[in-house]
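Enquirer: Sharing structure_9.txt, compact mmCIF, C-alpha atoms and all ligand atoms:
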# COMPACT_ATOMS: atom_id res chain seq x y z
CA MET A 1 230.31 32.34 122.59
CA ALA A 2 228.95 33.39 119.21
CA LYS A 3 227.20 36.78 119.44
CA GLN A 4 227.68 39.35 122.18
CA PRO A 5 225.06 38.54 124.86
CA VAL A 6 222.50 41.18 125.84
CA THR A 7 222.23 41.41 129.63
CA ARG A 8 220.43 43.63 132.09
CA PHE A 9 220.79 44.78 135.66
CA ALA A 10 217.36 45.20 137.23
CA PRO A 11 217.42 46.73 140.70
CA SER A 12 214.24 47.52 142.62
CA PRO A 13 214.37 51.00 144.13
CA THR A 14 213.37 49.85 147.60
CA GLY A 15 216.58 50.73 149.38
CA GLU A 16 220.21 51.64 148.90
CA MET A 17 222.42 49.46 146.73
CA HIS A 18 224.87 47.30 148.62
CA LEU A 19 227.82 45.13 147.65
CA GLY A 20 225.50 42.40 146.40
CA HIS A 21 223.95 44.80 143.89
CA ALA A 22 227.39 46.01 142.86
CA PHE A 23 228.39 42.44 142.12
CA ALA A 24 225.15 41.75 140.21
CA ALA A 25 225.76 44.83 138.04
CA MET A 26 229.37 43.79 137.49
CA VAL A 27 228.31 40.31 136.37
CA ALA A 28 225.74 41.74 133.93
CA ASN A 29 228.35 44.14 132.58
CA HIS A 30 231.03 41.45 132.33
CA ILE A 31 228.87 38.90 130.53
CA GLY A 32 227.17 41.40 128.26
CA GLY A 33 230.13 43.69 127.60
CA GLY A 34 227.75 46.41 128.87
CA TYR A 35 224.17 46.06 130.11
CA ILE A 36 220.67 47.50 130.00
CA LEU A 37 219.59 49.20 133.22
CA ARG A 38 216.02 48.38 134.15
CA ILE A 39 214.42 49.86 137.22
CA ASP A 40 211.99 47.29 138.63
CA ASP A 41 209.47 49.73 140.07
CA ILE A 42 206.09 48.02 139.63
CA ASP A 43 205.56 47.67 143.35
CA HIS A 44 204.44 51.18 144.24
CA THR A 45 203.87 50.01 147.81
CA ARG A 46 207.64 49.59 148.31
CA CYS A 47 209.51 51.61 145.67
CA LYS A 48 210.80 55.13 146.35
CA TYR A 49 212.11 57.31 143.54
CA GLY A 50 214.75 58.81 145.80
CA PHE A 51 216.53 55.49 145.59
CA VAL A 52 216.73 55.66 141.78
CA THR A 53 219.12 58.60 141.96
CA GLY A 54 221.24 56.65 144.42
CA ILE A 55 221.32 53.65 142.05
CA LEU A 56 222.49 55.83 139.15
CA ASP A 57 225.15 57.50 141.32
CA ASP A 58 226.40 54.14 142.58
CA LEU A 59 226.65 52.67 139.08
CA ARG A 60 228.59 55.72 137.87
CA TRP A 61 230.92 55.42 140.83
CA LEU A 62 231.40 51.72 140.04
CA GLN A 63 232.33 52.80 136.51
CA LEU A 64 229.60 50.66 135.06
CA PRO A 65 227.82 52.88 132.53
CA TRP A 66 224.58 51.35 131.27
CA ARG A 67 223.55 51.22 127.63
CA GLY A 68 220.96 53.74 126.42
CA ALA A 69 218.37 55.27 128.72
CA PRO A 70 217.28 53.40 131.85
CA VAL A 71 214.04 51.48 131.38
CA PHE A 72 211.26 51.75 133.99
CA GLN A 73 208.78 48.93 134.49
CA SER A 74 206.13 51.43 135.53
CA TYR A 75 206.03 52.69 131.91
CA ARG A 76 205.16 49.22 130.68
CA LEU A 77 201.99 48.42 132.58
CA GLY A 78 200.08 48.20 129.27
CA SER A 79 202.40 45.45 128.01
CA TYR A 80 201.96 43.46 131.23
CA LYS A 81 198.19 43.85 130.90
CA ASP A 82 198.29 42.51 127.34
CA ALA A 83 200.32 39.52 128.51
CA LEU A 84 197.79 38.84 131.27
CA SER A 85 194.95 39.09 128.72
CA ARG A 86 196.62 36.41 126.64
CA LEU A 87 196.85 34.10 129.65
CA GLN A 88 193.20 34.85 130.43
CA ALA A 89 192.21 34.06 126.84
CA LEU A 90 194.02 30.73 127.15
CA ASP A 91 192.13 30.13 130.42
CA LEU A 92 195.44 29.39 132.11
CA VAL A 93 194.88 31.89 134.93
CA TYR A 94 191.99 32.31 137.35
CA PRO A 95 190.93 35.14 139.65
CA CYS A 96 191.56 34.61 143.34
CA TYR A 97 189.29 36.62 145.66
CA LEU A 98 190.64 35.27 148.93
CA THR A 99 191.48 37.86 151.54
CA ARG A 100 194.94 38.04 153.09
CA LYS A 101 193.52 36.47 156.24
CA GLU A 102 191.91 33.58 154.36
CA LEU A 103 195.16 32.95 152.51
CA ASP A 104 197.17 33.01 155.72
CA ALA A 105 194.82 30.39 157.14
CA VAL A 106 195.46 28.18 154.08
CA LEU A 107 199.21 28.70 154.32
CA SER A 108 199.37 27.87 157.98
CA ALA A 109 197.19 24.74 157.69
CA PRO A 110 198.96 22.15 159.83
CA HIS A 111 199.16 19.44 157.15
CA GLY A 112 200.26 21.67 154.30
CA SER A 113 203.86 22.51 153.51
CA PRO A 114 204.28 26.29 153.33
CA ALA A 115 204.03 27.26 149.70
CA PRO A 116 202.06 25.59 146.97
CA VAL A 117 198.68 27.21 146.85
CA ALA A 118 195.87 26.37 144.49
CA THR A 119 192.86 28.44 145.45
CA ASP A 120 190.54 28.01 142.48
CA SER A 121 188.11 25.70 144.22
CA MET A 122 188.38 27.21 147.69
CA LEU A 123 185.45 29.57 147.42
CA PRO A 124 182.06 28.36 146.22
CA ALA A 125 181.10 29.92 142.87
CA PRO A 126 178.29 32.09 144.33
CA GLU A 127 180.71 33.57 146.87
CA LYS A 128 183.24 34.34 144.12
CA ALA A 129 180.48 35.99 142.11
CA ARG A 130 179.39 37.98 145.17
CA ARG A 131 182.90 39.27 145.80
CA ALA A 132 183.37 40.09 142.13
CA SER A 133 180.06 41.98 142.01
CA GLN A 134 181.14 44.05 145.02
CA GLY A 135 183.97 45.29 142.83
CA ARG A 136 186.63 43.48 144.83
CA ALA A 137 189.85 43.26 142.82
CA ALA A 138 191.18 39.75 142.24
CA ALA A 139 194.70 38.45 142.09
CA TRP A 140 195.26 36.25 139.05
CA ARG A 141 196.86 32.87 139.62
CA LEU A 142 198.39 30.54 137.08
CA ARG A 143 196.74 27.13 136.67
CA SER A 144 200.15 25.55 136.99
CA THR A 145 199.24 21.97 136.12
CA ALA A 146 197.14 22.98 133.12
CA ALA A 147 199.85 25.43 132.02
CA LEU A 148 202.50 22.73 132.12
CA ASP A 149 200.23 20.41 130.12
CA TRP A 150 199.65 23.17 127.61
CA ALA A 151 203.36 23.94 127.31
CA GLY A 152 204.60 20.35 127.01
CA PRO A 153 208.12 19.45 128.18
CA VAL A 154 209.98 22.67 128.91
CA SER A 155 213.35 23.47 130.39
CA TRP A 156 215.76 26.38 130.88
CA PHE A 157 219.49 26.52 130.36
CA ASP A 158 221.54 26.99 133.51
CA ALA A 159 224.78 28.46 132.14
CA ARG A 160 226.61 28.40 135.47
CA ASN A 161 226.28 24.63 135.70
CA GLY A 162 226.10 23.96 131.97
CA ARG A 163 222.86 21.97 132.01
CA ASP A 164 219.23 22.06 131.04
CA VAL A 165 216.84 22.19 133.97
CA ALA A 166 213.31 20.85 133.53
CA VAL A 167 210.64 23.31 134.63
CA ASP A 168 209.16 22.16 137.92
CA MET A 169 206.26 24.10 139.41
CA THR A 170 205.83 21.96 142.52
CA ALA A 171 207.24 24.57 144.87
CA HIS A 172 205.25 27.39 143.30
CA GLY A 173 201.77 25.94 143.05
CA ASP A 174 199.31 28.28 141.38
CA VAL A 175 201.64 31.23 141.60
CA VAL A 176 200.23 34.78 141.51
CA ILE A 177 200.78 36.25 138.05
CA ALA A 178 198.98 39.54 138.68
CA ARG A 179 198.64 40.99 142.15
CA ARG A 180 195.34 42.60 143.03
CA ASP A 181 196.99 45.90 143.98
CA ILE A 182 199.34 46.37 141.03
CA GLY A 183 197.74 44.28 138.26
CA THR A 184 200.99 42.49 137.46
CA SER A 185 203.72 40.63 139.32
CA TYR A 186 207.47 40.31 139.41
CA HIS A 187 207.22 37.12 137.33
CA LEU A 188 204.99 38.47 134.58
CA SER A 189 206.79 41.79 134.27
CA VAL A 190 210.25 40.26 134.11
CA VAL A 191 209.47 37.91 131.24
CA VAL A 192 207.72 40.65 129.26
CA ASP A 193 210.60 43.07 129.88
CA ASP A 194 213.34 40.63 129.00
CA ALA A 195 211.58 39.94 125.70
CA ILE A 196 210.99 43.64 124.91
CA ASP A 197 214.60 44.45 125.71
CA GLY A 198 215.98 41.54 123.67
CA VAL A 199 217.81 40.14 126.69
CA THR A 200 219.65 36.96 125.66
CA HIS A 201 221.34 36.23 129.00
CA VAL A 202 219.58 36.83 132.30
CA THR A 203 222.18 37.26 135.01
CA ARG A 204 220.97 37.53 138.59
CA GLY A 205 221.59 36.14 142.05
CA GLU A 206 221.14 32.47 142.79
CA ASP A 207 218.37 33.36 145.23
CA LEU A 208 216.20 33.97 142.16
CA ALA A 209 216.94 30.64 140.46
CA ASP A 210 213.65 29.16 141.71
CA SER A 211 211.71 31.89 139.93
CA THR A 212 213.24 30.83 136.64
CA HIS A 213 210.87 27.85 136.54
CA VAL A 214 207.92 30.25 136.51
CA HIS A 215 209.61 32.57 134.02
CA ARG A 216 210.42 29.86 131.52
CA LEU A 217 206.87 28.51 131.66
CA LEU A 218 205.43 31.99 131.12
CA GLN A 219 207.74 32.51 128.13
CA VAL A 220 206.29 29.41 126.47
CA LEU A 221 202.69 30.45 127.23
CA LEU A 222 203.31 33.95 125.93
CA ASP A 223 205.37 32.82 122.97
CA LEU A 224 208.44 34.78 124.09
CA PRO A 225 212.06 33.86 123.42
CA SER A 226 214.04 31.99 126.02
CA PRO A 227 217.19 33.65 127.37
CA VAL A 228 220.07 31.70 128.90
CA TYR A 229 220.21 31.98 132.71
CA PHE A 230 223.26 32.67 134.80
CA HIS A 231 222.53 32.73 138.55
CA HIS A 232 225.61 34.08 140.26
CA ALA A 233 226.81 33.55 143.82
CA LEU A 234 225.54 35.99 146.44
CA VAL A 235 227.81 38.33 148.34
CA ALA A 236 227.81 37.45 152.02
CA THR A 237 228.82 39.39 155.12
CA LYS A 238 232.02 38.38 156.93
CA SER A 239 229.94 36.13 159.17
CA GLY A 240 228.55 34.38 156.10
CA LYS A 241 225.10 36.01 156.21
CA ARG A 242 223.51 37.14 152.97
CA LEU A 243 223.48 40.92 152.58
CA ALA A 244 220.12 42.63 152.84
CA LYS A 245 219.02 46.16 152.06
CA ARG A 246 218.55 46.80 155.74
CA ASP A 247 222.31 46.21 156.33
CA LYS A 248 223.03 49.91 156.14
CA ALA A 249 226.74 49.52 156.81
CA ALA A 250 227.19 47.57 153.61
CA SER A 251 225.47 50.16 151.40
CA LEU A 252 227.76 51.48 148.69
CA ALA A 253 227.03 55.04 149.71
CA SER A 254 228.16 54.41 153.29
CA LEU A 255 231.25 52.49 152.17
CA ARG A 256 232.19 55.43 149.95
CA GLU A 257 231.62 57.85 152.78
CA ALA A 258 233.82 55.72 154.98
CA GLY A 259 236.61 56.23 152.44
CA GLN A 260 236.55 52.87 150.68
CA THR A 261 237.91 53.00 147.16
CA LEU A 262 236.55 51.19 144.15
CA ASN A 263 239.59 48.91 144.16
CA ASN A 264 239.01 47.91 147.80
CA ILE A 265 235.43 47.11 147.07
CA VAL A 266 236.10 45.08 143.95
CA ALA A 267 238.87 43.16 145.72
CA ASN A 268 236.37 41.94 148.31
CA LEU A 269 233.77 40.71 145.84
CA PRO A 270 233.63 37.17 144.44
CA GLN A 271 235.42 36.49 141.16
CA LEU A 272 233.56 37.28 137.99
CA PRO A 273 232.36 34.18 136.13
CA SER A 274 234.33 32.73 133.27
CA LEU A 275 232.91 33.71 129.91
CA LYS A 276 233.64 30.18 128.73
CA LEU A 277 230.54 29.09 130.64
CA LEU A 278 228.31 30.82 128.09
N1 LIG A 301 214.41 43.45 140.70
C1 LIG A 301 214.91 42.21 141.22
C2 LIG A 301 215.75 42.48 142.46
O1 LIG A 301 216.12 43.60 142.72
C3 LIG A 301 215.75 41.45 140.22
C4 LIG A 301 214.93 40.92 139.12
C5 LIG A 301 215.65 39.98 138.18
O2 LIG A 301 216.86 40.11 138.00
O3 LIG A 301 214.97 39.16 137.60
O4 LIG A 301 216.03 41.54 143.17
Is it possible to give me this structure as structure tokens?
Expert:
Amino acid sequence: MAKQPVTRFAPSPTGEMHLGHAFAAMVANHIGGGYILRIDDIDHTRCKYGFVTGILDDLRWLQLPWRGAPVFQSYRLGSYKDALSRLQALDLVYPCYLTRKELDAVLSAPHGSPAPVATDSMLPAPEKARRASQGRAAAWRLRSTAALDWAGPVSWFDARNGRDVAVDMTAHGDVVIARRDIGTSYHLSVVVDDAIDGVTHVTRGEDLADSTHVHRLLQVLLDLPSPVYFHHALVATKSGKRLAKRDKAASLASLREAGQTLNNIVANLPQLPSLKLL
């Protein structure tokens, strides 16, 4: 490993942190020799600021001090808007005026597999124009095929398995890049943030590995640097189930209250990855 990697831990304040978050923060800290704390709070429909205090308390208790001041995505809406404008100027995104109900009907079509959605030609042009003129907000979707053509061959480096992975958008279809209600999306915000923060190594759970295809493609379209990706194992319950925020018993706050010590907690987490992988 040449230079010290720059990593981040990016929790969404939608619930209490549990062991899985503790492990994610530990991995970011381990690989980066410290980490940037970014609060992923773009989704005002789900985020609650009360949870931010809990996140800070938990990280202090875990003895994982973050570098500098925490970063909040909600302060960066202008940067996400600029990124969307660039994609619009490239004509690689299109507005989608479908209602939730219309989309559900598409998704549950008997012949279609669940995900890939391309909605550009689903509404006749006059109907799109009518909805737009009524002031209806649109979601913006990526023209995935055109975007891949524009980008040329593109891949991301999977540090855990030591290999390049070719970007494949099949499972994503024309993924939403800006939601109608918040004007951005997880995907767009994350790539803009990682670039602003100079993140060189994105460490996060393996459940997010699929999203990396979208992120890498967006980085090429937006002319942003490409970090290395390390998708770590997820912490499971004793019965092998993945932890969720609704599993109250596993929240760090309740474990602390039940008298668990930091050592107990760390002893029950998976091993930290070898730095030789980077
Ligand atoms: N905010 C996301 C989460 O809490 C993580 C985003 C990321 O690491 O890319 O799952």
Enquirer: So, counting all atoms listed in the file, which residue among A:Pro5, A:Leu252, A:Asp193, A:Ala105 is closest to A:Asp57?
Expert: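 So, comparing all the options, the nearest one is A:Leu252.
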Enquirer: Could you tell me, counting only C-alpha atoms and all ligand atoms, which protein and nucleic acid residues lie no more than 6 Å from ligand LIG 301 (chain A), written as a ChimeraX atom specification?
Expert: /A:10-12,40,190,204
Enquirer: Using all atoms listed in the file, find the one residue out of A:Ala253, A:Leu234, A:Gln63, A:Pro227 that sits nearest to A:Pro270.
Expert: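 Closest to A:Pro270 of all the choices is A:Leu234.
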Enquirer: Using atom CA of A:Trp150 and atom CA of A:Leu84 as the two end points, give the distance in Å to one decimal.
Expert: 16.2 Å
Enquirer: Pick out the closest residue to A:Leu98 from this set: A:Arg86, A:Ala118, A:Leu123, A:Phe230. Count all atoms listed in the file.
Expert: A:Leu123
Enquirer: Report as an MDAnalysis selection string all protein, DNA and RNA residues lying within 12 Å of A:Asp223, evaluated on all atoms listed in the file, omitting residues in the same chain fewer than 6 positions from it.
Expert: chainID A and resid 83 86:87 151 191:192 195 215:217
Enquirer: Could you tell me which of A:Arg160, A:Lys3, A:Arg179, A:Arg8 comes closest to A:Leu37 if we count all atoms listed in the file?
Expert: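 Nearest candidate to A:Leu37 out of A:Arg160, A:Lys3, A:Arg179, A:Arg8: A:Arg8.
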Enquirer: Set the distance at 10 Å and use only C-alpha atoms: which residues neighbour A:Gly54 once local chain neighbours fewer than 3 positions away are removed? I'd like the list as a list of chain:residue names.
Expert: A:Pro13, A:Gly15, A:Glu16, A:Met17, A:Tyr49, A:Gly50, A:Phe51, A:Asp57, A:Asp58, A:Leu59, A:Arg60, A:Leu252, A:Ala253
Enquirer: Compare A:Gly68, A:Pro124, A:Pro95, A:Pro153 by their minimum atom-to-atom distance to A:Arg136, counting only C-alpha atoms, and give me the closest one.
Expert: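 Selected residue with least distance to A:Arg136: A:Pro95.
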Enquirer: Rank A:His201, A:Ala159, A:Asp210, A:Ile196 by their smallest atom-to-atom distance to A:Leu224, using only C-alpha atoms, and report the top residue only.
Expert: A:Ile196
Enquirer: Give as a count of residues only the set of residues within 9 Å of the point (193.9, 28.9, 141.1), where distances use the file's coordinates and all atoms listed in the file.
Expert: 19
Enquirer: Which neighbours of A:His30 fall inside 9 Å, counting only C-alpha atoms, when residues of the same chain fewer than 5 positions from it are skipped, and could you give them as an MDAnalysis selection string?
Expert: chainID A and resid 25 35 272:273 275
Enquirer: Could you work out how far atom CA of A:Thr203 lies from atom CA of A:Tyr229, giving the answer in Å with one decimal?
Expert: 6.1 Å
Enquirer: Please indicate the distance in Å from atom CA of A:Gly32 to atom CA of A:Thr7, rounded to one decimal place.
Expert: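 These two atoms are separated by 5.1 Å.
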Enquirer: I'd like the neighbourhood of A:Tyr186 as a list of chain:residue names, where a residue qualifies if any of its atoms comes within 8 Å (using all atoms listed in the file), though same-chain residues fewer than 2 positions away should be ignored.
Expert: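 With the cut-off at 8 Å, the set is A:Ile42, A:Ile177, A:Thr184, A:Leu188, A:Ser189, A:Val190.
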Enquirer: Keeping C-alpha atoms for every residue in the selection just given, could you write it to a file as a tab-separated table (two decimals), in the coordinates of the input?
Expert:
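Resulting contents of part_14.tsv:
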chain	number	residue	atom	x	y	z
A	42	ILE	CA	206.09	48.02	139.63
A	177	ILE	CA	200.78	36.25	138.05
A	184	THR	CA	200.99	42.49	137.46
A	188	LEU	CA	204.99	38.47	134.58
A	189	SER	CA	206.79	41.79	134.27
A	190	VAL	CA	210.25	40.26	134.11
Enquirer: The centre and edge lengths of an axis-aligned box containing all atoms of stretch 138-145 of chain A present in the file, extended by 8 Å on each side, are to be given in Å to one decimal, as lines of an AutoDock Vina configuration file.
Expert:
center_x = 195.7
center_y = 30.9
center_z = 139.2
size_x = 25.0
size_y = 33.8
size_z = 22.1
Enquirer: At most 9 Å from (226.5, 40.7, 149.8), file frame, only C-alpha atoms: which residues, as a list in words?
Expert: His18, Leu19, Gly20, His21, Ala22, Phe23, Leu234, Val235, Ala236, Thr237, Lys241, Arg242, Leu243, Ala244, Ala250 and Leu269 of chain A
Enquirer: Give me a file of those residues, with C-alpha atoms, as a PDB file, in the coordinates of the input.
Expert:
ATOM      1  CA  HIS A  18     224.870  47.300 148.620  1.00  0.00           C
ATOM      2  CA  LEU A  19     227.820  45.130 147.650  1.00  0.00           C
ATOM      3  CA  GLY A  20     225.500  42.400 146.400  1.00  0.00           C
ATOM      4  CA  HIS A  21     223.950  44.800 143.890  1.00  0.00           C
ATOM      5  CA  ALA A  22     227.390  46.010 142.860  1.00  0.00           C
ATOM      6  CA  PHE A  23     228.390  42.440 142.120  1.00  0.00           C
ATOM      7  CA  LEU A 234     225.540  35.990 146.440  1.00  0.00           C
ATOM      8  CA  VAL A 235     227.810  38.330 148.340  1.00  0.00           C
ATOM      9  CA  ALA A 236     227.810  37.450 152.020  1.00  0.00           C
ATOM     10  CA  THR A 237     228.820  39.390 155.120  1.00  0.00           C
ATOM     11  CA  LYS A 241     225.100  36.010 156.210  1.00  0.00           C
ATOM     12  CA  ARG A 242     223.510  37.140 152.970  1.00  0.00           C
ATOM     13  CA  LEU A 243     223.480  40.920 152.580  1.00  0.00           C
ATOM     14  CA  ALA A 244     220.120  42.630 152.840  1.00  0.00           C
ATOM     15  CA  ALA A 250     227.190  47.570 153.610  1.00  0.00           C
ATOM     16  CA  LEU A 269     233.770  40.710 145.840  1.00  0.00           C
TER      17      LEU A 269
END
